[in-house]
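Here is the file final_19.csv (CSV, C-alpha atoms).
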```
chain,number,residue,atom,x,y,z
A,1,MET,CA,79.3,-108.0,-52.1
A,2,LYS,CA,78.6,-110.7,-54.7
A,3,ASN,CA,82.2,-112.0,-54.1
A,4,MET,CA,81.3,-112.9,-50.5
A,5,LYS,CA,81.0,-116.6,-49.6
A,6,LEU,CA,79.9,-116.6,-45.9
A,7,PHE,CA,77.0,-114.4,-45.0
A,8,ILE,CA,76.7,-114.3,-41.2
A,9,TRP,CA,73.5,-112.8,-40.0
A,10,ASP,CA,72.3,-111.3,-36.7
A,11,PHE,CA,68.8,-112.3,-35.7
A,12,ASP,CA,66.9,-109.6,-33.7
A,13,GLY,CA,66.2,-106.5,-35.8
A,14,THR,CA,68.0,-107.9,-38.8
A,15,LEU,CA,66.2,-111.0,-40.0
A,16,LEU,CA,63.0,-110.5,-38.0
A,17,ASP,CA,61.5,-107.3,-36.5
A,18,THR,CA,61.3,-108.6,-32.9
A,19,TYR,CA,62.0,-105.4,-31.1
A,20,PRO,CA,58.3,-104.4,-30.5
A,21,PHE,CA,57.7,-107.7,-28.7
A,22,ILE,CA,60.8,-107.9,-26.6
A,23,THR,CA,60.6,-104.3,-25.4
A,24,SER,CA,56.9,-104.7,-24.5
A,25,CYS,CA,57.9,-107.8,-22.4
A,26,LEU,CA,60.2,-105.8,-20.3
A,27,LYS,CA,57.9,-102.8,-20.1
A,28,ASN,CA,55.1,-105.1,-18.8
A,29,ALA,CA,57.5,-106.7,-16.3
A,30,LEU,CA,58.4,-103.2,-15.0
A,31,ASN,CA,54.8,-102.2,-14.8
A,32,ASP,CA,54.0,-105.3,-12.7
A,33,CYS,CA,56.6,-104.0,-10.2
A,34,GLY,CA,55.1,-100.5,-10.2
A,35,TYR,CA,57.6,-98.8,-12.5
A,36,ASP,CA,57.2,-97.3,-15.9
A,37,ALA,CA,59.9,-96.6,-18.5
A,38,PRO,CA,59.6,-95.1,-22.0
A,39,GLN,CA,59.6,-97.7,-24.8
A,40,ALA,CA,62.4,-95.9,-26.5
A,41,GLU,CA,64.6,-96.0,-23.4
A,42,ILE,CA,64.0,-99.7,-23.0
A,43,LEU,CA,65.0,-100.3,-26.6
A,44,GLU,CA,68.2,-98.3,-26.2
A,45,LYS,CA,69.2,-100.5,-23.2
A,46,MET,CA,68.3,-103.6,-25.1
A,47,MET,CA,70.5,-102.5,-28.0
A,48,VAL,CA,73.5,-103.5,-25.8
A,49,THR,CA,72.0,-106.8,-24.8
A,50,ILE,CA,68.7,-108.0,-23.3
A,51,PRO,CA,70.4,-109.0,-20.0
A,52,HIS,CA,72.0,-105.6,-19.9
A,53,ALA,CA,68.6,-103.9,-20.0
A,54,ILE,CA,67.1,-106.2,-17.4
A,55,ASN,CA,70.1,-105.6,-15.1
A,56,PHE,CA,69.9,-101.9,-15.6
A,57,TYR,CA,66.3,-101.6,-14.5
A,58,ALA,CA,66.7,-104.2,-11.7
A,59,ASN,CA,69.6,-102.1,-10.2
A,60,LEU,CA,68.0,-98.8,-10.9
A,61,TYR,CA,64.8,-99.6,-9.0
A,62,GLY,CA,66.1,-102.3,-6.7
A,63,ILE,CA,63.8,-105.0,-8.3
A,64,GLU,CA,64.3,-108.6,-7.4
A,65,GLY,CA,63.0,-111.2,-9.9
A,66,LEU,CA,62.7,-108.8,-12.9
A,67,ARG,CA,64.3,-111.4,-15.1
A,68,GLU,CA,61.8,-114.0,-14.1
A,69,ARG,CA,58.9,-111.6,-14.8
A,70,TYR,CA,60.4,-110.7,-18.2
A,71,ASN,CA,60.8,-114.4,-19.0
A,72,ALA,CA,57.1,-115.1,-18.1
A,73,TYR,CA,56.0,-112.5,-20.7
A,74,TYR,CA,58.6,-113.7,-23.2
A,75,ALA,CA,57.3,-117.3,-22.9
A,76,ASN,CA,54.3,-116.2,-24.9
A,77,GLU,CA,56.5,-115.4,-27.9
A,78,ALA,CA,55.1,-118.3,-29.8
A,79,GLN,CA,51.8,-116.4,-29.9
A,80,ASN,CA,53.5,-113.2,-31.2
A,81,PRO,CA,53.1,-112.7,-35.0
A,82,VAL,CA,56.4,-113.1,-36.9
A,83,ARG,CA,57.4,-109.9,-38.6
A,84,ILE,CA,59.8,-110.5,-41.4
A,85,PHE,CA,61.6,-107.6,-43.0
A,86,PRO,CA,60.7,-107.0,-46.7
A,87,GLY,CA,63.2,-108.3,-49.2
A,88,ILE,CA,64.9,-110.7,-46.8
A,89,LYS,CA,63.6,-113.9,-48.5
A,90,GLU,CA,64.8,-112.7,-51.8
A,91,VAL,CA,68.3,-111.8,-50.4
A,92,LEU,CA,68.7,-115.2,-48.7
A,93,LYS,CA,67.8,-116.9,-52.0
A,94,ARG,CA,70.1,-114.7,-54.0
A,95,VAL,CA,73.0,-115.6,-51.6
A,96,ARG,CA,72.5,-119.3,-52.5
A,97,GLU,CA,72.2,-118.5,-56.2
A,98,ILE,CA,75.7,-116.9,-56.2
A,99,GLY,CA,77.1,-120.1,-54.6
A,100,ALA,CA,77.5,-118.6,-51.1
A,101,LYS,CA,76.0,-119.8,-47.8
A,102,ASN,CA,73.9,-118.1,-45.0
A,103,TYR,CA,74.6,-118.5,-41.3
A,104,ILE,CA,73.2,-117.0,-38.1
A,105,PHE,CA,75.2,-115.7,-35.1
A,106,THR,CA,72.8,-114.4,-32.4
A,107,ASN,CA,73.1,-113.7,-28.7
A,108,ARG,CA,69.6,-115.2,-28.4
A,109,GLY,CA,68.7,-118.8,-27.5
A,110,ASP,CA,67.2,-121.7,-29.4
A,111,SER,CA,63.7,-120.1,-29.3
A,112,ILE,CA,64.6,-118.5,-32.7
A,113,TYR,CA,64.2,-121.8,-34.5
A,114,ALA,CA,60.4,-121.8,-34.2
A,115,MET,CA,60.3,-118.1,-35.4
A,116,LEU,CA,62.5,-118.8,-38.4
A,117,GLU,CA,60.4,-121.8,-39.3
A,118,LYS,CA,57.2,-119.8,-38.9
A,119,ALA,CA,58.7,-117.1,-41.1
A,120,GLY,CA,59.5,-119.7,-43.8
A,121,ILE,CA,63.3,-119.1,-43.8
A,122,LEU,CA,64.7,-121.7,-41.5
A,123,ASP,CA,66.0,-123.9,-44.3
A,124,GLU,CA,68.0,-121.0,-45.8
A,125,PHE,CA,70.8,-121.4,-43.2
A,126,GLU,CA,73.7,-123.7,-43.3
A,127,GLU,CA,74.4,-123.4,-39.6
A,128,ILE,CA,72.8,-121.4,-36.7
A,129,ILE,CA,74.8,-120.4,-33.6
A,130,THR,CA,72.8,-119.4,-30.6
A,131,SER,CA,73.7,-118.8,-27.0
A,132,ALA,CA,72.8,-122.5,-26.4
A,133,ASN,CA,75.5,-123.7,-28.9
A,134,PRO,CA,79.0,-124.8,-27.6
A,135,ALA,CA,80.6,-122.7,-30.3
A,136,PHE,CA,78.9,-119.5,-29.0
A,137,VAL,CA,80.8,-116.7,-27.5
A,138,VAL,CA,78.9,-113.5,-26.9
A,139,LYS,CA,79.2,-110.5,-29.2
A,140,PRO,CA,81.3,-108.5,-29.8
A,141,ALA,CA,83.9,-111.3,-29.4
A,142,PRO,CA,85.1,-112.6,-32.7
A,143,ASP,CA,85.3,-116.3,-31.6
A,144,THR,CA,82.1,-117.5,-33.2
A,145,ILE,CA,82.8,-115.8,-36.5
A,146,ASN,CA,86.3,-117.3,-36.5
A,147,TYR,CA,84.7,-120.7,-35.8
A,148,LEU,CA,82.4,-120.4,-38.8
A,149,MET,CA,85.1,-119.2,-41.1
A,150,GLU,CA,87.4,-122.1,-40.1
A,151,LYS,CA,84.7,-124.7,-40.3
A,152,HIS,CA,83.2,-123.6,-43.6
A,153,GLY,CA,86.3,-122.5,-45.5
A,154,GLY,CA,85.8,-118.8,-45.2
A,155,ASP,CA,88.4,-116.1,-44.7
A,156,ILE,CA,88.4,-112.4,-43.8
A,157,ASN,CA,88.0,-111.3,-47.4
A,158,ASN,CA,85.0,-113.4,-48.3
A,159,THR,CA,83.0,-113.3,-45.0
A,160,VAL,CA,80.6,-110.6,-44.1
A,161,MET,CA,78.8,-110.1,-40.7
A,162,ILE,CA,75.4,-108.4,-41.2
A,163,GLY,CA,73.6,-106.7,-38.3
A,164,ASP,CA,71.8,-103.6,-37.1
A,165,ARG,CA,73.6,-102.9,-33.9
A,166,VAL,CA,77.1,-101.8,-32.9
A,167,CYS,CA,77.9,-105.1,-31.1
A,168,ASP,CA,77.0,-107.1,-34.3
A,169,LEU,CA,79.5,-105.0,-36.4
A,170,GLU,CA,82.1,-105.0,-33.7
A,171,SER,CA,82.2,-108.8,-33.7
A,172,GLY,CA,83.0,-108.5,-37.4
A,173,TYR,CA,85.7,-105.9,-36.8
A,174,ASN,CA,87.3,-108.1,-34.2
A,175,ALA,CA,87.3,-111.0,-36.6
A,176,ASN,CA,88.8,-108.7,-39.3
A,177,CYS,CA,86.0,-109.7,-41.8
A,178,ARG,CA,83.8,-107.5,-43.8
A,179,THR,CA,80.7,-105.9,-42.3
A,180,CYS,CA,77.2,-104.8,-43.5
A,181,HIS,CA,75.1,-102.5,-41.4
A,182,LEU,CA,71.3,-102.5,-41.7
A,183,LEU,CA,70.1,-99.1,-40.8
A,184,THR,CA,66.7,-99.3,-39.1
A,185,PRO,CA,64.6,-96.4,-37.7
A,186,SER,CA,64.4,-98.1,-34.3
A,187,VAL,CA,68.2,-98.3,-33.9
A,188,PRO,CA,69.7,-94.9,-34.8
A,189,GLN,CA,73.3,-96.1,-34.8
A,190,TYR,CA,76.0,-95.5,-37.5
A,191,PRO,CA,78.9,-97.8,-36.8
A,192,LYS,CA,81.7,-98.0,-39.3
A,193,CYS,CA,81.1,-100.7,-41.9
A,194,ASP,CA,82.0,-101.8,-45.4
A,195,TRP,CA,78.4,-101.5,-46.6
A,196,ARG,CA,75.4,-99.7,-45.1
A,197,ILE,CA,71.9,-100.4,-46.4
A,198,LYS,CA,68.5,-99.0,-45.5
A,199,ASP,CA,66.6,-102.1,-46.6
A,200,PHE,CA,67.2,-105.5,-48.2
A,201,TYR,CA,66.3,-104.4,-51.6
A,202,GLU,CA,69.5,-102.3,-51.6
A,203,MET,CA,71.4,-105.4,-50.6
A,204,LEU,CA,69.8,-107.3,-53.4
A,205,ASP,CA,71.2,-104.8,-55.8
A,206,LEU,CA,74.6,-105.2,-54.3
A,207,LEU,CA,74.4,-109.0,-55.0
A,208,LYS,CA,73.6,-108.6,-58.7
```
Using structure tokens, write down the structure from this file.
Amino acid sequence: MKNMKLFIWDFDGTLLDTYPFITSCLKNALNDCGYDAPQAEILEKMMVTIPHAINFYANLYGIEGLRERYNAYYANEAQNPVRIFPGIKEVLKRVREIGAKNYIFTNRGDSIYAMLEKAGILDEFEEIITSANPAFVVKPAPDTINYLMEKHGGDINNTVMIGDRVCDLESGYNANCRTCHLLTPSVPQYPKCDWRIKDFYEMLDLLK
């Protein structure tokens, strides 16, 4: 992995442990409408995308305005403690030490900037592509990865997409670049990949 030059990171569940907060937002929104769903089921639906989960429950229960209720809870995200994964700061620093660059490609919006700054890692990234960016095309499409490779001089042999979900890795497959899967207990998925790590200390070893 130390020969990679472009490290493209997913955000949710990869850089920061945001799943407890976003699943509780939807669970609370459902409770407001008189419905209850297991936290694990909500997370499973969110592993596709957050809009997918909202649409699933809105259609299942015939709820109007579920997205707005979710957004109302989500608006309090600034008050939610930032939970950074152990070892990630060391890995981001190590990437720079080997002469490579860090990037973010996320299906989320620009709300991630405040969280990255709060976590103390915002300055580690050369470029951040969110759903608000003109270069953004939703995962698993390869367009955004192709854009980053072309803009920053990367190619399929020195670019790696890092994420915890199938859609993250699929965007890498579709761009024909390398892939690294972060295996997390909350996301029991085993997509094909070039590297699979259980934590970022394992990735740090791969960068030596």
Can you tell me, as an mmCIF file with C-alpha atoms, in the frame of the given file, what residues are no more than 9 Å from region 93-110 of chain A when counting all atoms listed in the file, ignoring any on the same chain fewer than 2 positions away?
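The new file result-v2.cif reads:
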```cif
data_model
loop_
_atom_site.group_PDB
_atom_site.id
_atom_site.type_symbol
_atom_site.label_atom_id
_atom_site.label_comp_id
_atom_site.auth_asym_id
_atom_site.auth_seq_id
_atom_site.Cartn_x
_atom_site.Cartn_y
_atom_site.Cartn_z
ATOM 1 C CA LYS A 2 78.600 -110.700 -54.700
ATOM 2 C CA ASN A 3 82.200 -112.000 -54.100
ATOM 3 C CA MET A 4 81.300 -112.900 -50.500
ATOM 4 C CA LYS A 5 81.000 -116.600 -49.600
ATOM 5 C CA LEU A 6 79.900 -116.600 -45.900
ATOM 6 C CA PHE A 7 77.000 -114.400 -45.000
ATOM 7 C CA ILE A 8 76.700 -114.300 -41.200
ATOM 8 C CA TRP A 9 73.500 -112.800 -40.000
ATOM 9 C CA ASP A 10 72.300 -111.300 -36.700
ATOM 10 C CA PHE A 11 68.800 -112.300 -35.700
ATOM 11 C CA ASP A 12 66.900 -109.600 -33.700
ATOM 12 C CA THR A 49 72.000 -106.800 -24.800
ATOM 13 C CA ILE A 50 68.700 -108.000 -23.300
ATOM 14 C CA ILE A 88 64.900 -110.700 -46.800
ATOM 15 C CA LYS A 89 63.600 -113.900 -48.500
ATOM 16 C CA GLU A 90 64.800 -112.700 -51.800
ATOM 17 C CA VAL A 91 68.300 -111.800 -50.400
ATOM 18 C CA ILE A 112 64.600 -118.500 -32.700
ATOM 19 C CA TYR A 113 64.200 -121.800 -34.500
ATOM 20 C CA ALA A 114 60.400 -121.800 -34.200
ATOM 21 C CA GLU A 124 68.000 -121.000 -45.800
ATOM 22 C CA PHE A 125 70.800 -121.400 -43.200
ATOM 23 C CA GLU A 126 73.700 -123.700 -43.300
ATOM 24 C CA GLU A 127 74.400 -123.400 -39.600
ATOM 25 C CA ILE A 128 72.800 -121.400 -36.700
ATOM 26 C CA ILE A 129 74.800 -120.400 -33.600
ATOM 27 C CA THR A 130 72.800 -119.400 -30.600
ATOM 28 C CA SER A 131 73.700 -118.800 -27.000
ATOM 29 C CA ALA A 132 72.800 -122.500 -26.400
ATOM 30 C CA ASN A 133 75.500 -123.700 -28.900
ATOM 31 C CA PHE A 136 78.900 -119.500 -29.000
ATOM 32 C CA VAL A 137 80.800 -116.700 -27.500
ATOM 33 C CA VAL A 138 78.900 -113.500 -26.900
ATOM 34 C CA LYS A 139 79.200 -110.500 -29.200
ATOM 35 C CA THR A 144 82.100 -117.500 -33.200
ATOM 36 C CA ILE A 145 82.800 -115.800 -36.500
ATOM 37 C CA LEU A 148 82.400 -120.400 -38.800
ATOM 38 C CA MET A 161 78.800 -110.100 -40.700
ATOM 39 C CA ASP A 168 77.000 -107.100 -34.300
ATOM 40 C CA LEU A 204 69.800 -107.300 -53.400
ATOM 41 C CA LEU A 207 74.400 -109.000 -55.000
ATOM 42 C CA LYS A 208 73.600 -108.600 -58.700
#
```
**Study point:** Counting only C-alpha atoms, the option among A:Thr18, A:Asn176, A:Asn146, A:Thr184 closest to Lys198 (chain A)
**Key:** A:Thr184
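Shortest atom-to-atom contact with Ser171 (chain A) among A:Glu64, A:Asp205, A:Asp143, A:Asp123: A:Asp143, counting all atoms listed in the file.
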Point to revise | Atomic distance CA of Asn158 (chain A) - CA of Lys192 (chain A), expressed in Å with one decimal | key: 18.1 Å
Point to revise | Two-atom distance - CA of Asn31 (chain A), CA of Ala53 (chain A) (Å) | key: 14.8 Å
Review point. With all atoms listed in the file as the atoms that count, which of A:Phe200, A:Phe85, A:Trp195, A:Tyr173 lies nearest to Leu15 (chain A)?
Key: A:Phe85
Practice item. Would you mind reading off the distance between CA of Met115 (chain A) and CA of Pro140 (chain A), one decimal, in Å? Key: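 It comes out at 23.8 Å.
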Practice item. Write out as a PyMOL selection string each polymer residue whose atoms come within 10 Å of Leu183 (chain A), counting only C-alpha atoms; drop sequence neighbours fewer than 5 positions from it. Key: chain A and resi 13-14+163-165+188-191+196-199
**Study point:** Nearest-residue call for Ala29 (chain A), choices A:Glu44, A:Glu202, A:Glu150, A:Glu68, using all atoms listed in the file
**Key:** A:Glu68
Practice item. Counting all atoms listed in the file, figure out which residue out of A:Leu66, A:Cys167, A:Leu16, A:Met47 gets nearest to Gly34 (chain A). Key: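 Looking at the shortest contact to Gly34 (chain A), the residue is A:Leu66.
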Exercise for review: Could you check which of A:Leu26, A:Asp17, A:Gly120, A:Lys45 is closest to Ile84 (chain A), using only C-alpha atoms?
Suggested key: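 Closest candidate: A:Asp17.
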What would the list of residues within 12 Å of (53.0, -113.8, -20.0) (file frame) look like as an mmCIF file with C-alpha atoms, in the frame of the given file, if all atoms listed in the file are what count?
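Listed below is the output, part.cif:
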```cif
data_model
loop_
_atom_site.group_PDB
_atom_site.id
_atom_site.type_symbol
_atom_site.label_atom_id
_atom_site.label_comp_id
_atom_site.auth_asym_id
_atom_site.auth_seq_id
_atom_site.Cartn_x
_atom_site.Cartn_y
_atom_site.Cartn_z
ATOM 1 C CA PHE A 21 57.700 -107.700 -28.700
ATOM 2 C CA ILE A 22 60.800 -107.900 -26.600
ATOM 3 C CA SER A 24 56.900 -104.700 -24.500
ATOM 4 C CA CYS A 25 57.900 -107.800 -22.400
ATOM 5 C CA LEU A 26 60.200 -105.800 -20.300
ATOM 6 C CA ASN A 28 55.100 -105.100 -18.800
ATOM 7 C CA ALA A 29 57.500 -106.700 -16.300
ATOM 8 C CA ASP A 32 54.000 -105.300 -12.700
ATOM 9 C CA GLU A 68 61.800 -114.000 -14.100
ATOM 10 C CA ARG A 69 58.900 -111.600 -14.800
ATOM 11 C CA TYR A 70 60.400 -110.700 -18.200
ATOM 12 C CA ASN A 71 60.800 -114.400 -19.000
ATOM 13 C CA ALA A 72 57.100 -115.100 -18.100
ATOM 14 C CA TYR A 73 56.000 -112.500 -20.700
ATOM 15 C CA TYR A 74 58.600 -113.700 -23.200
ATOM 16 C CA ALA A 75 57.300 -117.300 -22.900
ATOM 17 C CA ASN A 76 54.300 -116.200 -24.900
ATOM 18 C CA GLU A 77 56.500 -115.400 -27.900
ATOM 19 C CA ALA A 78 55.100 -118.300 -29.800
ATOM 20 C CA GLN A 79 51.800 -116.400 -29.900
ATOM 21 C CA ASN A 80 53.500 -113.200 -31.200
#
```
When you get a chance, write out N, CA, C and O atoms for region 45-71 of chain A, as a PDB file, in the coordinates of the input.
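Result saved to result.pdb:
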```
ATOM      1  N   LYS A  45      68.467 -99.570 -24.130  1.00  0.00           N
ATOM      2  CA  LYS A  45      69.200-100.500 -23.200  1.00  0.00           C
ATOM      3  C   LYS A  45      69.324-101.860 -23.839  1.00  0.00           C
ATOM      4  O   LYS A  45      70.352-102.530 -23.692  1.00  0.00           O
ATOM      5  N   MET A  46      68.273-102.292 -24.544  1.00  0.00           N
ATOM      6  CA  MET A  46      68.300-103.600 -25.100  1.00  0.00           C
ATOM      7  C   MET A  46      69.252-103.701 -26.325  1.00  0.00           C
ATOM      8  O   MET A  46      69.640-104.806 -26.727  1.00  0.00           O
ATOM      9  N   MET A  47      69.592-102.542 -26.899  1.00  0.00           N
ATOM     10  CA  MET A  47      70.500-102.500 -28.000  1.00  0.00           C
ATOM     11  C   MET A  47      71.907-103.007 -27.590  1.00  0.00           C
ATOM     12  O   MET A  47      72.703-103.436 -28.423  1.00  0.00           O
ATOM     13  N   VAL A  48      72.216-102.905 -26.309  1.00  0.00           N
ATOM     14  CA  VAL A  48      73.500-103.500 -25.800  1.00  0.00           C
ATOM     15  C   VAL A  48      73.287-104.978 -25.755  1.00  0.00           C
ATOM     16  O   VAL A  48      73.888-105.711 -26.532  1.00  0.00           O
ATOM     17  N   THR A  49      72.455-105.439 -24.830  1.00  0.00           N
ATOM     18  CA  THR A  49      72.000-106.800 -24.800  1.00  0.00           C
ATOM     19  C   THR A  49      70.691-106.819 -23.964  1.00  0.00           C
ATOM     20  O   THR A  49      70.467-105.894 -23.159  1.00  0.00           O
ATOM     21  N   ILE A  50      69.886-107.847 -24.104  1.00  0.00           N
ATOM     22  CA  ILE A  50      68.700-108.000 -23.300  1.00  0.00           C
ATOM     23  C   ILE A  50      69.048-108.097 -21.798  1.00  0.00           C
ATOM     24  O   ILE A  50      68.462-107.407 -20.954  1.00  0.00           O
ATOM     25  N   PRO A  51      70.017-108.949 -21.428  1.00  0.00           N
ATOM     26  CA  PRO A  51      70.400-109.000 -20.000  1.00  0.00           C
ATOM     27  C   PRO A  51      70.882-107.667 -19.468  1.00  0.00           C
ATOM     28  O   PRO A  51      70.629-107.342 -18.302  1.00  0.00           O
ATOM     29  N   HIS A  52      71.575-106.884 -20.302  1.00  0.00           N
ATOM     30  CA  HIS A  52      72.000-105.600 -19.900  1.00  0.00           C
ATOM     31  C   HIS A  52      70.823-104.691 -19.490  1.00  0.00           C
ATOM     32  O   HIS A  52      70.851-104.003 -18.457  1.00  0.00           O
ATOM     33  N   ALA A  53      69.776-104.713 -20.315  1.00  0.00           N
ATOM     34  CA  ALA A  53      68.600-103.900 -20.000  1.00  0.00           C
ATOM     35  C   ALA A  53      67.902-104.358 -18.755  1.00  0.00           C
ATOM     36  O   ALA A  53      67.507-103.531 -17.921  1.00  0.00           O
ATOM     37  N   ILE A  54      67.768-105.657 -18.601  1.00  0.00           N
ATOM     38  CA  ILE A  54      67.100-106.200 -17.400  1.00  0.00           C
ATOM     39  C   ILE A  54      67.917-105.800 -16.151  1.00  0.00           C
ATOM     40  O   ILE A  54      67.354-105.340 -15.149  1.00  0.00           O
ATOM     41  N   ASN A  55      69.234-105.967 -16.204  1.00  0.00           N
ATOM     42  CA  ASN A  55      70.100-105.600 -15.100  1.00  0.00           C
ATOM     43  C   ASN A  55      70.053-104.140 -14.759  1.00  0.00           C
ATOM     44  O   ASN A  55      70.084-103.732 -13.585  1.00  0.00           O
ATOM     45  N   PHE A  56      69.991-103.322 -15.813  1.00  0.00           N
ATOM     46  CA  PHE A  56      69.900-101.900 -15.600  1.00  0.00           C
ATOM     47  C   PHE A  56      68.730-101.477 -14.786  1.00  0.00           C
ATOM     48  O   PHE A  56      68.857-100.744 -13.795  1.00  0.00           O
ATOM     49  N   TYR A  57      67.561-101.953 -15.170  1.00  0.00           N
ATOM     50  CA  TYR A  57      66.300-101.600 -14.500  1.00  0.00           C
ATOM     51  C   TYR A  57      66.226-102.257 -13.093  1.00  0.00           C
ATOM     52  O   TYR A  57      65.706-101.670 -12.142  1.00  0.00           O
ATOM     53  N   ALA A  58      66.740-103.478 -13.000  1.00  0.00           N
ATOM     54  CA  ALA A  58      66.700-104.200 -11.700  1.00  0.00           C
ATOM     55  C   ALA A  58      67.571-103.403 -10.689  1.00  0.00           C
ATOM     56  O   ALA A  58      67.167-103.231  -9.523  1.00  0.00           O
ATOM     57  N   ASN A  59      68.728-102.916 -11.125  1.00  0.00           N
ATOM     58  CA  ASN A  59      69.600-102.100 -10.200  1.00  0.00           C
ATOM     59  C   ASN A  59      69.061-100.742  -9.984  1.00  0.00           C
ATOM     60  O   ASN A  59      69.152-100.224  -8.861  1.00  0.00           O
ATOM     61  N   LEU A  60      68.495-100.124 -11.029  1.00  0.00           N
ATOM     62  CA  LEU A  60      68.000 -98.800 -10.900  1.00  0.00           C
ATOM     63  C   LEU A  60      66.846 -98.691  -9.872  1.00  0.00           C
ATOM     64  O   LEU A  60      66.810 -97.769  -9.039  1.00  0.00           O
ATOM     65  N   TYR A  61      65.944 -99.650  -9.923  1.00  0.00           N
ATOM     66  CA  TYR A  61      64.800 -99.600  -9.000  1.00  0.00           C
ATOM     67  C   TYR A  61      64.851-100.611  -7.888  1.00  0.00           C
ATOM     68  O   TYR A  61      63.926-100.668  -7.068  1.00  0.00           O
ATOM     69  N   GLY A  62      65.941-101.372  -7.813  1.00  0.00           N
ATOM     70  CA  GLY A  62      66.100-102.300  -6.700  1.00  0.00           C
ATOM     71  C   GLY A  62      65.041-103.457  -6.825  1.00  0.00           C
ATOM     72  O   GLY A  62      64.472-103.875  -5.808  1.00  0.00           O
ATOM     73  N   ILE A  63      64.800-103.948  -8.033  1.00  0.00           N
ATOM     74  CA  ILE A  63      63.800-105.000  -8.300  1.00  0.00           C
ATOM     75  C   ILE A  63      64.403-106.361  -8.226  1.00  0.00           C
ATOM     76  O   ILE A  63      65.354-106.642  -8.940  1.00  0.00           O
ATOM     77  N   GLU A  64      63.854-107.237  -7.402  1.00  0.00           N
ATOM     78  CA  GLU A  64      64.300-108.600  -7.400  1.00  0.00           C
ATOM     79  C   GLU A  64      63.287-109.426  -8.290  1.00  0.00           C
ATOM     80  O   GLU A  64      62.082-109.189  -8.259  1.00  0.00           O
ATOM     81  N   GLY A  65      63.809-110.341  -9.049  1.00  0.00           N
ATOM     82  CA  GLY A  65      63.000-111.200  -9.900  1.00  0.00           C
ATOM     83  C   GLY A  65      62.489-110.561 -11.166  1.00  0.00           C
ATOM     84  O   GLY A  65      61.545-111.072 -11.800  1.00  0.00           O
ATOM     85  N   LEU A  66      63.132-109.474 -11.614  1.00  0.00           N
ATOM     86  CA  LEU A  66      62.700-108.800 -12.900  1.00  0.00           C
ATOM     87  C   LEU A  66      62.940-109.747 -14.058  1.00  0.00           C
ATOM     88  O   LEU A  66      62.119-109.809 -14.975  1.00  0.00           O
ATOM     89  N   ARG A  67      64.041-110.459 -14.032  1.00  0.00           N
ATOM     90  CA  ARG A  67      64.300-111.400 -15.100  1.00  0.00           C
ATOM     91  C   ARG A  67      63.235-112.436 -15.261  1.00  0.00           C
ATOM     92  O   ARG A  67      62.792-112.775 -16.363  1.00  0.00           O
ATOM     93  N   GLU A  68      62.789-112.964 -14.123  1.00  0.00           N
ATOM     94  CA  GLU A  68      61.800-114.000 -14.100  1.00  0.00           C
ATOM     95  C   GLU A  68      60.432-113.437 -14.677  1.00  0.00           C
ATOM     96  O   GLU A  68      59.712-114.112 -15.430  1.00  0.00           O
ATOM     97  N   ARG A  69      60.119-112.202 -14.315  1.00  0.00           N
ATOM     98  CA  ARG A  69      58.900-111.600 -14.800  1.00  0.00           C
ATOM     99  C   ARG A  69      58.997-111.351 -16.336  1.00  0.00           C
ATOM    100  O   ARG A  69      58.035-111.575 -17.074  1.00  0.00           O
ATOM    101  N   TYR A  70      60.170-110.890 -16.773  1.00  0.00           N
ATOM    102  CA  TYR A  70      60.400-110.700 -18.200  1.00  0.00           C
ATOM    103  C   TYR A  70      60.223-112.052 -18.939  1.00  0.00           C
ATOM    104  O   TYR A  70      59.551-112.143 -19.975  1.00  0.00           O
ATOM    105  N   ASN A  71      60.847-113.093 -18.388  1.00  0.00           N
ATOM    106  CA  ASN A  71      60.800-114.400 -19.000  1.00  0.00           C
ATOM    107  C   ASN A  71      59.359-114.934 -19.105  1.00  0.00           C
ATOM    108  O   ASN A  71      59.011-115.650 -20.056  1.00  0.00           O
TER     109      ASN A  71
END
```
